[in-house]
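Shown next: my_file.cif, given as mmCIF, C-alpha atoms.
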```cif
data_structure
#
loop_
_atom_site.group_PDB
_atom_site.id
_atom_site.type_symbol
_atom_site.label_atom_id
_atom_site.label_comp_id
_atom_site.auth_asym_id
_atom_site.auth_seq_id
_atom_site.Cartn_x
_atom_site.Cartn_y
_atom_site.Cartn_z
ATOM 1 C CA MET A 1 -63.172 -109.177 -65.434
ATOM 2 C CA PRO A 2 -60.985 -107.736 -68.200
ATOM 3 C CA ARG A 3 -57.803 -109.499 -69.036
ATOM 4 C CA THR A 4 -54.589 -107.585 -68.396
ATOM 5 C CA THR A 5 -51.073 -108.004 -69.573
ATOM 6 C CA GLN A 6 -48.177 -108.433 -67.261
ATOM 7 C CA ASP A 7 -47.524 -104.678 -67.210
ATOM 8 C CA GLY A 8 -51.197 -103.953 -66.420
ATOM 9 C CA GLU A 9 -52.443 -102.633 -69.833
ATOM 10 C CA SER A 10 -55.578 -103.942 -71.513
ATOM 11 C CA PRO A 11 -54.929 -105.760 -74.802
ATOM 12 C CA PRO A 12 -56.304 -104.100 -77.911
ATOM 13 C CA SER A 13 -59.817 -105.215 -78.801
ATOM 14 C CA GLY A 14 -59.121 -106.666 -82.270
ATOM 15 C CA GLU A 15 -62.761 -107.260 -83.255
ATOM 16 C CA ALA A 16 -64.010 -103.787 -82.242
ATOM 17 C CA VAL A 17 -61.184 -102.081 -84.131
ATOM 18 C CA SER A 18 -61.699 -104.078 -87.329
ATOM 19 C CA VAL A 19 -65.458 -103.411 -87.472
ATOM 20 C CA ARG A 20 -64.857 -99.680 -87.100
ATOM 21 C CA ALA A 21 -62.149 -99.798 -89.717
ATOM 22 C CA LEU A 22 -64.405 -101.736 -92.044
ATOM 23 C CA TRP A 23 -67.209 -99.202 -91.675
ATOM 24 C CA THR A 24 -64.791 -96.374 -92.331
ATOM 25 C CA ALA A 25 -63.400 -98.118 -95.387
ATOM 26 C CA ILE A 26 -66.883 -98.822 -96.715
ATOM 27 C CA ALA A 27 -67.929 -95.222 -96.198
ATOM 28 C CA TRP A 28 -64.856 -93.936 -97.998
ATOM 29 C CA ALA A 29 -65.288 -96.478 -100.794
ATOM 30 C CA PHE A 30 -68.865 -95.357 -101.242
ATOM 31 C CA VAL A 31 -67.955 -91.675 -101.254
ATOM 32 C CA VAL A 32 -65.076 -92.138 -103.681
ATOM 33 C CA ALA A 33 -67.068 -94.455 -105.950
ATOM 34 C CA SER A 34 -69.963 -92.028 -106.024
ATOM 35 C CA ALA A 35 -67.684 -89.101 -106.778
ATOM 36 C CA VAL A 36 -65.946 -90.988 -109.576
ATOM 37 C CA LEU A 37 -69.297 -92.120 -110.945
ATOM 38 C CA VAL A 38 -70.755 -88.617 -111.076
ATOM 39 C CA ALA A 39 -67.642 -86.674 -112.040
ATOM 40 C CA VAL A 40 -65.936 -89.048 -114.447
ATOM 41 C CA VAL A 41 -67.815 -92.192 -115.453
ATOM 42 C CA LEU A 42 -71.225 -90.731 -116.220
ATOM 43 C CA PRO A 43 -69.795 -87.933 -118.431
ATOM 44 C CA ALA A 44 -67.298 -90.220 -120.150
ATOM 45 C CA GLU A 45 -69.488 -93.249 -120.643
ATOM 46 C CA TYR A 46 -73.068 -92.024 -120.658
ATOM 47 C CA GLY A 47 -72.791 -88.360 -121.548
ATOM 48 C CA VAL A 48 -74.526 -87.299 -118.345
ATOM 49 C CA ASP A 49 -72.594 -84.384 -116.948
ATOM 50 C CA PRO A 50 -74.353 -82.889 -113.895
ATOM 51 C CA LEU A 51 -71.212 -81.242 -112.494
ATOM 52 C CA GLY A 52 -69.770 -80.010 -115.771
ATOM 53 C CA THR A 53 -66.573 -81.983 -115.200
ATOM 54 C CA GLY A 54 -67.081 -83.889 -118.432
ATOM 55 C CA ARG A 55 -67.005 -80.739 -120.515
ATOM 56 C CA ALA A 56 -64.210 -79.234 -118.408
ATOM 57 C CA PHE A 57 -61.892 -82.197 -118.905
ATOM 58 C CA GLY A 58 -63.084 -83.266 -122.332
ATOM 59 C CA LEU A 59 -64.619 -86.486 -121.027
ATOM 60 C CA THR A 60 -67.930 -86.070 -122.811
ATOM 61 C CA ALA A 61 -66.114 -86.489 -126.103
ATOM 62 C CA LEU A 62 -65.430 -90.074 -125.080
ATOM 63 C CA SER A 63 -69.113 -90.826 -124.825
ATOM 64 C CA ALA A 64 -69.993 -89.380 -128.198
ATOM 65 C CA PRO A 65 -70.065 -92.293 -130.632
ATOM 66 C CA ALA A 66 -69.123 -90.310 -133.696
ATOM 67 C CA LEU A 67 -68.442 -93.515 -135.511
ATOM 68 C CA ALA A 68 -70.586 -96.589 -135.557
ATOM 69 C CA PRO A 69 -69.198 -99.939 -134.472
ATOM 70 C CA ILE A 70 -67.607 -101.915 -137.230
ATOM 71 C CA PRO A 71 -69.842 -104.662 -138.518
ATOM 72 C CA PRO A 72 -68.368 -108.098 -139.077
ATOM 73 C CA PRO A 73 -67.085 -108.857 -142.570
ATOM 74 C CA GLU A 74 -69.182 -110.856 -144.966
ATOM 75 C CA GLY A 75 -67.419 -113.897 -146.343
ATOM 76 C CA ASP A 76 -63.709 -114.492 -146.396
ATOM 77 C CA ALA A 77 -61.461 -111.480 -146.439
ATOM 78 C CA LEU A 78 -59.832 -110.901 -149.806
ATOM 79 C CA ALA A 79 -56.257 -110.386 -148.680
ATOM 80 C CA PRO A 80 -53.673 -109.931 -151.431
ATOM 81 C CA VAL A 81 -50.609 -112.099 -151.894
ATOM 82 C CA PRO A 82 -47.863 -109.925 -153.418
ATOM 83 C CA MET A 83 -45.780 -111.450 -156.197
ATOM 84 C CA GLY A 84 -43.468 -108.718 -157.401
ATOM 85 C CA ALA A 85 -45.460 -106.118 -159.275
ATOM 86 C CA VAL A 86 -48.561 -108.290 -159.088
ATOM 87 C CA ALA A 87 -50.839 -108.957 -156.138
ATOM 88 C CA LEU A 88 -53.037 -112.020 -156.361
ATOM 89 C CA TYR A 89 -56.269 -112.412 -154.441
ATOM 90 C CA PRO A 90 -58.195 -115.544 -153.426
ATOM 91 C CA GLY A 91 -61.342 -114.262 -155.125
ATOM 92 C CA GLU A 92 -62.651 -111.883 -157.752
ATOM 93 C CA TYR A 93 -63.161 -108.216 -157.164
ATOM 94 C CA LYS A 94 -66.611 -106.711 -156.674
ATOM 95 C CA PHE A 95 -68.126 -103.503 -157.934
ATOM 96 C CA ASP A 96 -70.745 -101.055 -156.815
ATOM 97 C CA SER A 97 -72.559 -98.084 -158.278
ATOM 98 C CA ARG A 98 -75.106 -95.942 -156.491
ATOM 99 C CA GLU A 99 -76.687 -92.558 -156.014
ATOM 100 C CA ILE A 100 -76.785 -91.117 -152.524
ATOM 101 C CA VAL A 101 -79.321 -88.373 -151.897
ATOM 102 C CA LEU A 102 -78.632 -86.032 -148.991
ATOM 103 C CA GLY A 103 -81.422 -83.712 -147.910
ATOM 104 C CA PRO A 104 -80.661 -80.408 -146.196
ATOM 105 C CA TYR A 105 -78.099 -80.873 -143.389
ATOM 106 C CA GLU A 106 -78.179 -84.669 -143.683
ATOM 107 C CA TYR A 107 -75.064 -86.814 -143.536
ATOM 108 C CA MET A 108 -74.188 -90.376 -144.431
ATOM 109 C CA GLU A 109 -71.255 -92.732 -144.233
ATOM 110 C CA PHE A 110 -70.721 -95.335 -146.918
ATOM 111 C CA LYS A 111 -67.957 -97.871 -146.342
ATOM 112 C CA TYR A 112 -66.554 -101.111 -147.695
ATOM 113 C CA HIS A 113 -64.864 -103.901 -145.814
ATOM 114 C CA LEU A 114 -61.320 -104.377 -147.064
ATOM 115 C CA ALA A 115 -58.498 -106.573 -145.851
ATOM 116 C CA LYS A 116 -55.121 -104.987 -145.187
ATOM 117 C CA ASP A 117 -53.360 -104.093 -148.453
ATOM 118 C CA ALA A 118 -56.475 -104.805 -150.538
ATOM 119 C CA THR A 119 -57.139 -102.349 -153.356
ATOM 120 C CA MET A 120 -60.212 -100.343 -154.262
ATOM 121 C CA LEU A 121 -60.783 -97.975 -157.186
ATOM 122 C CA PHE A 122 -63.281 -95.184 -156.712
ATOM 123 C CA SER A 123 -64.902 -92.232 -158.346
ATOM 124 C CA TRP A 124 -67.525 -89.916 -156.894
ATOM 125 C CA THR A 125 -69.112 -86.621 -157.741
ATOM 126 C CA ALA A 126 -71.403 -84.431 -155.663
ATOM 127 C CA GLY A 127 -74.029 -82.102 -157.053
ATOM 128 C CA GLY A 128 -73.147 -79.396 -154.536
ATOM 129 C CA ASP A 129 -70.792 -78.519 -151.721
ATOM 130 C CA VAL A 130 -70.284 -81.355 -149.251
ATOM 131 C CA VAL A 131 -68.299 -81.881 -146.084
ATOM 132 C CA HIS A 132 -66.190 -84.910 -146.850
ATOM 133 C CA ASP A 133 -63.981 -87.329 -144.916
ATOM 134 C CA PHE A 134 -62.478 -90.400 -146.544
ATOM 135 C CA HIS A 135 -61.496 -92.582 -143.607
ATOM 136 C CA GLY A 136 -61.214 -96.084 -142.226
ATOM 137 C CA ASP A 137 -62.151 -97.889 -139.037
ATOM 138 C CA PRO A 138 -59.773 -100.665 -138.000
ATOM 139 C CA GLU A 139 -61.482 -103.965 -137.303
ATOM 140 C CA GLY A 140 -61.721 -104.718 -133.598
ATOM 141 C CA ALA A 141 -60.607 -101.239 -132.571
ATOM 142 C CA PRO A 142 -62.725 -98.759 -130.605
ATOM 143 C CA PRO A 143 -64.781 -96.324 -132.688
ATOM 144 C CA ASP A 144 -62.463 -93.419 -131.936
ATOM 145 C CA ALA A 145 -59.583 -95.256 -133.632
ATOM 146 C CA ALA A 146 -60.754 -94.139 -137.079
ATOM 147 C CA GLN A 147 -58.098 -92.747 -139.409
ATOM 148 C CA SER A 148 -58.781 -90.016 -141.932
ATOM 149 C CA PHE A 149 -57.131 -90.235 -145.334
ATOM 150 C CA ASP A 150 -58.598 -87.230 -147.109
ATOM 151 C CA THR A 151 -60.699 -84.392 -145.761
ATOM 152 C CA ALA A 152 -59.964 -81.742 -148.368
ATOM 153 C CA ALA A 153 -62.935 -79.742 -149.578
ATOM 154 C CA ARG A 154 -63.928 -81.129 -152.950
ATOM 155 C CA ARG A 155 -66.976 -81.942 -155.017
ATOM 156 C CA ARG A 156 -65.466 -84.892 -156.803
ATOM 157 C CA ALA A 157 -62.653 -87.386 -156.461
ATOM 158 C CA ALA A 158 -61.324 -90.370 -158.365
ATOM 159 C CA GLY A 159 -58.497 -92.580 -157.331
ATOM 160 C CA SER A 160 -57.185 -95.818 -155.979
ATOM 161 C CA PHE A 161 -56.878 -96.871 -152.390
ATOM 162 C CA VAL A 162 -54.824 -99.551 -150.679
ATOM 163 C CA ALA A 163 -56.210 -100.319 -147.233
ATOM 164 C CA PRO A 164 -53.565 -99.670 -144.575
ATOM 165 C CA PHE A 165 -55.363 -102.005 -142.185
ATOM 166 C CA THR A 166 -58.245 -104.478 -142.179
ATOM 167 C CA GLY A 167 -61.556 -102.758 -141.493
ATOM 168 C CA ILE A 168 -64.239 -100.713 -143.158
ATOM 169 C CA HIS A 169 -63.124 -97.848 -145.365
ATOM 170 C CA GLY A 170 -65.130 -95.192 -147.114
ATOM 171 C CA TRP A 171 -66.673 -91.780 -147.022
ATOM 172 C CA TYR A 172 -68.501 -89.472 -144.698
ATOM 173 C CA TRP A 173 -70.486 -86.938 -146.665
ATOM 174 C CA GLU A 174 -72.464 -84.142 -145.095
ATOM 175 C CA ASN A 175 -74.735 -81.697 -146.820
ATOM 176 C CA PRO A 176 -73.973 -78.374 -145.111
ATOM 177 C CA GLY A 177 -76.719 -76.445 -146.839
ATOM 178 C CA GLY A 178 -80.447 -76.203 -147.300
ATOM 179 C CA GLU A 179 -80.702 -77.738 -150.782
ATOM 180 C CA THR A 180 -80.867 -81.451 -151.520
ATOM 181 C CA ILE A 181 -77.779 -82.790 -153.255
ATOM 182 C CA THR A 182 -76.996 -86.087 -154.963
ATOM 183 C CA ILE A 183 -73.695 -87.947 -154.812
ATOM 184 C CA ARG A 184 -72.846 -90.500 -157.465
ATOM 185 C CA LEU A 185 -70.405 -93.167 -156.301
ATOM 186 C CA ASN A 186 -68.702 -95.864 -158.357
ATOM 187 C CA THR A 187 -66.248 -98.338 -156.898
ATOM 188 C CA ALA A 188 -64.562 -101.595 -157.752
ATOM 189 C CA GLY A 189 -62.267 -103.535 -155.516
ATOM 190 C CA PHE A 190 -61.486 -106.501 -153.378
ATOM 191 C CA TYR A 191 -64.053 -105.684 -150.735
ATOM 192 C CA THR A 192 -66.431 -108.166 -149.168
ATOM 193 C CA SER A 193 -69.333 -106.024 -147.981
ATOM 194 C CA ALA A 194 -70.741 -102.496 -148.011
ATOM 195 C CA HIS A 195 -72.281 -100.606 -145.109
ATOM 196 C CA GLN A 196 -74.395 -97.481 -144.922
ATOM 197 C CA PHE A 197 -74.755 -95.320 -141.785
ATOM 198 C CA ARG A 198 -77.291 -92.512 -141.845
ATOM 199 C CA TYR A 199 -77.655 -89.350 -139.786
ATOM 200 C CA ASP A 200 -80.759 -90.714 -138.057
ATOM 201 C CA GLY A 201 -78.798 -93.591 -136.563
ATOM 202 C CA THR A 202 -79.933 -96.269 -139.019
ATOM 203 C CA ARG A 203 -77.368 -98.732 -140.337
ATOM 204 C CA GLN A 204 -77.736 -101.037 -143.295
ATOM 205 C CA ARG A 205 -75.632 -103.586 -145.080
ATOM 206 C CA ARG A 206 -75.920 -102.840 -148.798
ATOM 207 C CA GLU A 207 -75.623 -105.119 -151.768
ATOM 208 C CA ILE A 208 -72.435 -105.227 -153.788
ATOM 209 C CA ARG A 209 -72.185 -106.848 -157.177
ATOM 210 C CA ALA A 210 -70.077 -109.756 -158.298
ATOM 211 C CA LEU A 211 -68.450 -109.870 -161.715
ATOM 212 C CA ASP A 212 -70.770 -112.614 -162.949
ATOM 213 C CA THR A 213 -73.636 -110.103 -162.908
ATOM 214 C CA ILE A 214 -72.028 -108.379 -165.881
ATOM 215 C CA THR A 215 -73.174 -109.522 -169.275
ATOM 216 C CA ALA A 216 -70.215 -109.834 -171.594
ATOM 217 C CA ASP A 217 -70.253 -108.071 -174.947
ATOM 218 C CA HIS A 218 -69.675 -110.247 -177.989
ATOM 219 C CA MET B 219 -72.663 -107.732 -91.898
ATOM 220 C CA ARG B 220 -73.830 -109.333 -95.130
ATOM 221 C CA GLN B 221 -75.875 -106.225 -95.962
ATOM 222 C CA VAL B 222 -72.849 -104.068 -95.362
ATOM 223 C CA LEU B 223 -70.796 -106.129 -97.747
ATOM 224 C CA ILE B 224 -73.525 -105.990 -100.392
ATOM 225 C CA ILE B 225 -73.708 -102.216 -100.117
ATOM 226 C CA ALA B 226 -69.948 -101.980 -100.365
ATOM 227 C CA VAL B 227 -69.870 -104.162 -103.452
ATOM 228 C CA LEU B 228 -72.672 -102.144 -105.056
ATOM 229 C CA ALA B 229 -70.828 -98.922 -104.338
ATOM 230 C CA MET B 230 -67.744 -100.240 -106.046
ATOM 231 C CA VAL B 231 -69.645 -101.750 -108.965
ATOM 232 C CA ALA B 232 -71.878 -98.725 -109.590
ATOM 233 C CA PRO B 233 -69.391 -96.721 -111.683
ATOM 234 C CA GLY B 234 -68.701 -99.653 -113.947
ATOM 235 C CA SER B 235 -72.356 -100.418 -114.452
ATOM 236 C CA ALA B 236 -72.842 -97.081 -116.166
ATOM 237 C CA SER B 237 -70.654 -98.255 -118.995
ATOM 238 C CA THR B 238 -73.103 -100.993 -119.866
ATOM 239 C CA PHE B 239 -75.410 -98.406 -121.391
ATOM 240 C CA ALA B 240 -74.996 -97.966 -125.111
ATOM 241 C CA HIS B 241 -75.608 -94.650 -126.805
ATOM 242 C CA ASP B 242 -75.730 -93.484 -130.353
ATOM 243 C CA GLU B 243 -75.461 -90.179 -132.091
ATOM 244 C CA PHE B 244 -78.430 -88.808 -133.938
ATOM 245 C CA ARG B 245 -79.152 -85.773 -136.039
ATOM 246 C CA ILE B 246 -82.687 -84.501 -135.921
ATOM 247 C CA ILE B 247 -83.648 -82.076 -138.666
ATOM 248 C CA GLY B 248 -86.954 -80.262 -138.567
ATOM 249 C CA THR B 249 -88.931 -77.483 -136.934
ATOM 250 C CA VAL B 250 -89.461 -76.666 -133.275
ATOM 251 C CA ALA B 251 -92.877 -78.016 -132.267
ATOM 252 C CA ARG B 252 -92.566 -77.079 -128.615
ATOM 253 C CA HIS B 253 -89.926 -75.843 -126.211
ATOM 254 C CA GLN B 254 -90.604 -76.093 -122.525
ATOM 255 C CA ASN B 255 -88.000 -75.944 -119.777
ATOM 256 C CA SER B 256 -85.327 -78.482 -120.673
ATOM 257 C CA THR B 257 -87.275 -80.361 -123.324
ATOM 258 C CA LEU B 258 -87.379 -79.552 -127.014
ATOM 259 C CA GLN B 259 -89.836 -81.208 -129.367
ATOM 260 C CA VAL B 260 -88.820 -81.237 -133.013
ATOM 261 C CA LYS B 261 -91.098 -82.243 -135.864
ATOM 262 C CA ASN B 262 -88.885 -83.828 -138.477
ATOM 263 C CA ARG B 263 -89.364 -83.769 -142.239
ATOM 264 C CA GLU B 264 -91.269 -87.054 -142.124
ATOM 265 C CA GLY B 265 -93.795 -85.532 -139.725
ATOM 266 C CA LYS B 266 -92.613 -87.400 -136.640
ATOM 267 C CA THR B 267 -92.228 -85.396 -133.431
ATOM 268 C CA ILE B 268 -89.107 -86.227 -131.459
ATOM 269 C CA SER B 269 -88.308 -85.002 -127.948
ATOM 270 C CA VAL B 270 -84.765 -84.219 -126.870
ATOM 271 C CA ARG B 271 -83.452 -83.046 -123.541
ATOM 272 C CA LEU B 272 -81.360 -79.927 -123.127
ATOM 273 C CA ASP B 273 -78.867 -79.276 -120.352
ATOM 274 C CA LYS B 274 -76.578 -76.415 -119.420
ATOM 275 C CA GLN B 275 -73.906 -77.707 -121.764
ATOM 276 C CA THR B 276 -76.150 -77.766 -124.828
ATOM 277 C CA VAL B 277 -74.795 -75.294 -127.346
ATOM 278 C CA ILE B 278 -77.409 -73.341 -129.276
ATOM 279 C CA THR B 279 -76.344 -71.252 -132.251
ATOM 280 C CA ARG B 280 -77.702 -69.174 -135.093
ATOM 281 C CA ASP B 281 -75.297 -68.051 -137.818
ATOM 282 C CA LYS B 282 -72.499 -69.611 -135.752
ATOM 283 C CA LYS B 283 -73.241 -67.296 -132.805
ATOM 284 C CA LYS B 284 -74.490 -68.574 -129.472
ATOM 285 C CA ILE B 285 -78.051 -67.729 -128.544
ATOM 286 C CA PRO B 286 -79.999 -68.408 -125.329
ATOM 287 C CA PRO B 287 -82.456 -71.320 -125.117
ATOM 288 C CA ALA B 288 -85.319 -68.834 -124.869
ATOM 289 C CA GLU B 289 -84.840 -68.042 -128.552
ATOM 290 C CA LEU B 290 -85.888 -71.552 -129.578
ATOM 291 C CA LYS B 291 -89.353 -70.548 -130.685
ATOM 292 C CA THR B 292 -92.014 -72.749 -132.217
ATOM 293 C CA GLY B 293 -91.736 -72.982 -135.982
ATOM 294 C CA LEU B 294 -88.003 -72.345 -136.263
ATOM 295 C CA SER B 295 -86.010 -74.768 -138.401
ATOM 296 C CA VAL B 296 -83.317 -76.522 -136.391
ATOM 297 C CA VAL B 297 -80.594 -79.125 -136.770
ATOM 298 C CA VAL B 298 -80.112 -80.989 -133.508
ATOM 299 C CA ASP B 299 -77.090 -83.193 -132.868
ATOM 300 C CA ALA B 300 -77.911 -85.407 -129.930
ATOM 301 C CA TYR B 301 -76.947 -88.695 -128.419
ATOM 302 C CA GLY B 302 -78.710 -91.266 -126.294
ATOM 303 C CA ASP B 303 -80.052 -94.778 -126.230
ATOM 304 C CA THR B 304 -82.682 -94.011 -128.835
ATOM 305 C CA GLU B 305 -83.744 -91.056 -130.932
ATOM 306 C CA ASP B 306 -86.580 -90.434 -128.462
ATOM 307 C CA ASP B 307 -84.338 -90.614 -125.423
ATOM 308 C CA SER B 308 -81.454 -88.363 -126.234
ATOM 309 C CA LEU B 309 -79.599 -85.334 -124.962
ATOM 310 C CA ALA B 310 -78.940 -82.422 -127.304
ATOM 311 C CA ILE B 311 -75.268 -81.555 -127.709
ATOM 312 C CA GLU B 312 -75.710 -78.819 -130.273
ATOM 313 C CA ILE B 313 -78.733 -77.103 -131.746
ATOM 314 C CA ARG B 314 -78.363 -74.955 -134.840
ATOM 315 C CA VAL B 315 -81.112 -72.628 -135.931
ATOM 316 C CA VAL B 316 -81.043 -72.689 -139.724
ATOM 317 C CA PRO B 317 -82.983 -71.064 -142.550
ATOM 318 C CA PRO B 318 -86.408 -72.619 -143.167
ATOM 319 C CA ILE B 319 -86.297 -76.196 -144.465
ATOM 320 C CA GLY B 320 -89.069 -77.422 -146.702
ATOM 321 C CA ALA B 321 -90.954 -80.649 -146.098
ATOM 322 C CA ARG B 322 -90.092 -83.686 -148.206
#
```

Mind turning this structure into structure tokens?
Amino acid sequence: MPRTTQDGESPPSGEAVSVRALWTAIAWAFVVASAVLVAVVLPAEYGVDPLGTGRAFGLTALSAPALAPIPPPEGDALAPVPMGAVALYPGEYKFDSREIVLGPYEYMEFKYHLAKDATMLFSWTAGGDVVHDFHGDPEGAPPDAAQSFDTAARRRAAGSFVAPFTGIHGWYWENPGGETITIRLNTAGFYTSAHQFRYDGTRQRREIRALDTITADH
Amino acid sequence: MRQVLIIAVLAMVAPGSASTFAHDEFRIIGTVARHQNSTLQVKNREGKTISVRLDKQTVITRDKKKIPPAELKTGLSVVVDAYGDTEDDSLAIEIRVVPPIGAR
């Protein structure tokens, strides 16, 4: 016999109501999660865009890893200690010299790990037209946090650079044409490692040279 | 009830799990070896044949003008910018038909 209150109404069935509410909530959670997954997460994170919402809202750009993750530094960072017009470092500077060959339509990034305020001198020349972006990737930041310093069209550049933040700094070069070109790069600076990223997705740490590899003239 | 809770948790976790996949950007440079439906096979300059998927958002151009996928004929030189987990499991973002590229 059902229980009744003093005014004759049946009390609400608490268990039956909560199960129905739970089912409803689960169904809605599933629908919403699925919609978010297909419309937002897959385009933004995985580049899968079945509904076209990723392109429509620019989400697919988030999934495109234009820049490779920043590798860890090698050895202690060479951070400068300013003393007036002089900056002293806890170690000697390094140097590097190399030829980079870019086949038709190939691209490459070549970067050095520098501590904030560390200095690098550079000089490069290209044997043909190149797309160029001198930029840096802050350490510990997401790949899209890269900052460009110079993207002007040029076949050669020489200068000095003071890193505005700790991270890897260097050049993106792309061969926009059908002829192979060679880039000659010379650098010296208070960097601790060098990294090469090629168009085919390969990444390599490259050797840099210490000062004691130079034979002194007498 | 336990099954219901598991399903609910999976539904809520599913979107986040997609982010565990890593993907890289690749450029594939070579000639069209085969084009069928939404798959393009490109023979690169080292002689390796790489398959990439195409979707409706893949942009295909020649001389900076869009062309339909049907114009991707065998033997054409192409530059494919794609991304995916590996070079052999990638989705083409942009395909440029370029003048013939010689082998290495």

What's around Glu264 of chain B at 12 Å? Count only C-alpha atoms, leave out sequence neighbours fewer than 3 positions away in its own chain, and write the answer as a PyMOL selection string. (chain A and resi 103+200) or (chain B and resi 246-249+260-261+267-268+320-322)

Requested in this report: List every protein, DNA or RNA residue that has at least one atom no more than 12 Å from (-89.8, -81.5, -118.9) in the file's coordinates, counting all atoms listed in the file, and write the result as a PyMOL selection string.
Outcome: chain B and resi 252-259+269-273

Could you tell me which residues the PyMOL selection byres ((chain B and resi 306-314) around 9) returns for this structure, as a count of residues only?
-> 34

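Residues within 8 Å of Tyr191 of chain A, counting all atoms listed in the file and excluding same-chain residues fewer than 4 positions away, are Ala77, Leu78, Tyr93, Lys94, Tyr112, His113, Leu114, Ala115, Ala118 and Met120 of chain A.
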
Report, in Å to a single decimal, how far apart atom CA of Phe95 of chain A and atom CA of Ile208 of chain A are.
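Value for the atom CA of Ile208 of chain A-atom CA of Phe95 of chain A distance: 6.2 Å.
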
request  = Could you tell me which residues the PyMOL selection byres ((chain A and resi 80) around 7) grabs in this file, written as a ChimeraX atom specification?
outcome  = /A:78-79,81-82,87-89,117-118

**Surrounding residues of segment 123-132 of chain A excluding itself and chain neighbours under 4 positions, 8 Å, all atoms listed in the file, as a VMD selection string** = chain A and resid 150 to 159 171 to 177 181 to 187

(Q) Just the number, please: distance in Å from atom CA of Val101 of chain A to atom CA of Glu179 of chain A, one decimal. (A)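 Atom CA of Glu179 of chain A lies 10.8 Å from atom CA of Val101 of chain A.
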
- atom CA of Thr180 of chain A to atom CA of Leu102 of chain A, distance in Å rounded to a single decimal: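 Distance reported for this atom pair: 5.7 Å.
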
Target residues per the PyMOL selection byres ((chain A and resi 137-141) around 6), formatted as a list in words: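 Checking the PyMOL selection byres ((chain A and resi 137-141) around 6) against this file, the residues are Gly136, Pro142, Ala146, Thr166, Gly167 and Ile168 of chain A.
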
For Val162 of chain A, the closest of A:Gly54, A:Gly189, A:Gly91, A:Gly201 counting all atoms listed in the file is A:Gly189

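Comparing the minimum interatomic distances between chain A and each of B:Gly265, B:Lys274, B:Val250, B:Pro286, counting only C-alpha atoms, we find that B:Lys274 sits nearest.
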
So which residues touch Gly178 of chain A within 8 Å, counting all atoms listed in the file, skipping near sequence neighbours fewer than 4 positions away, as a PyMOL selection string?
-> (chain A and resi 103-105) or (chain B and resi 317+319)
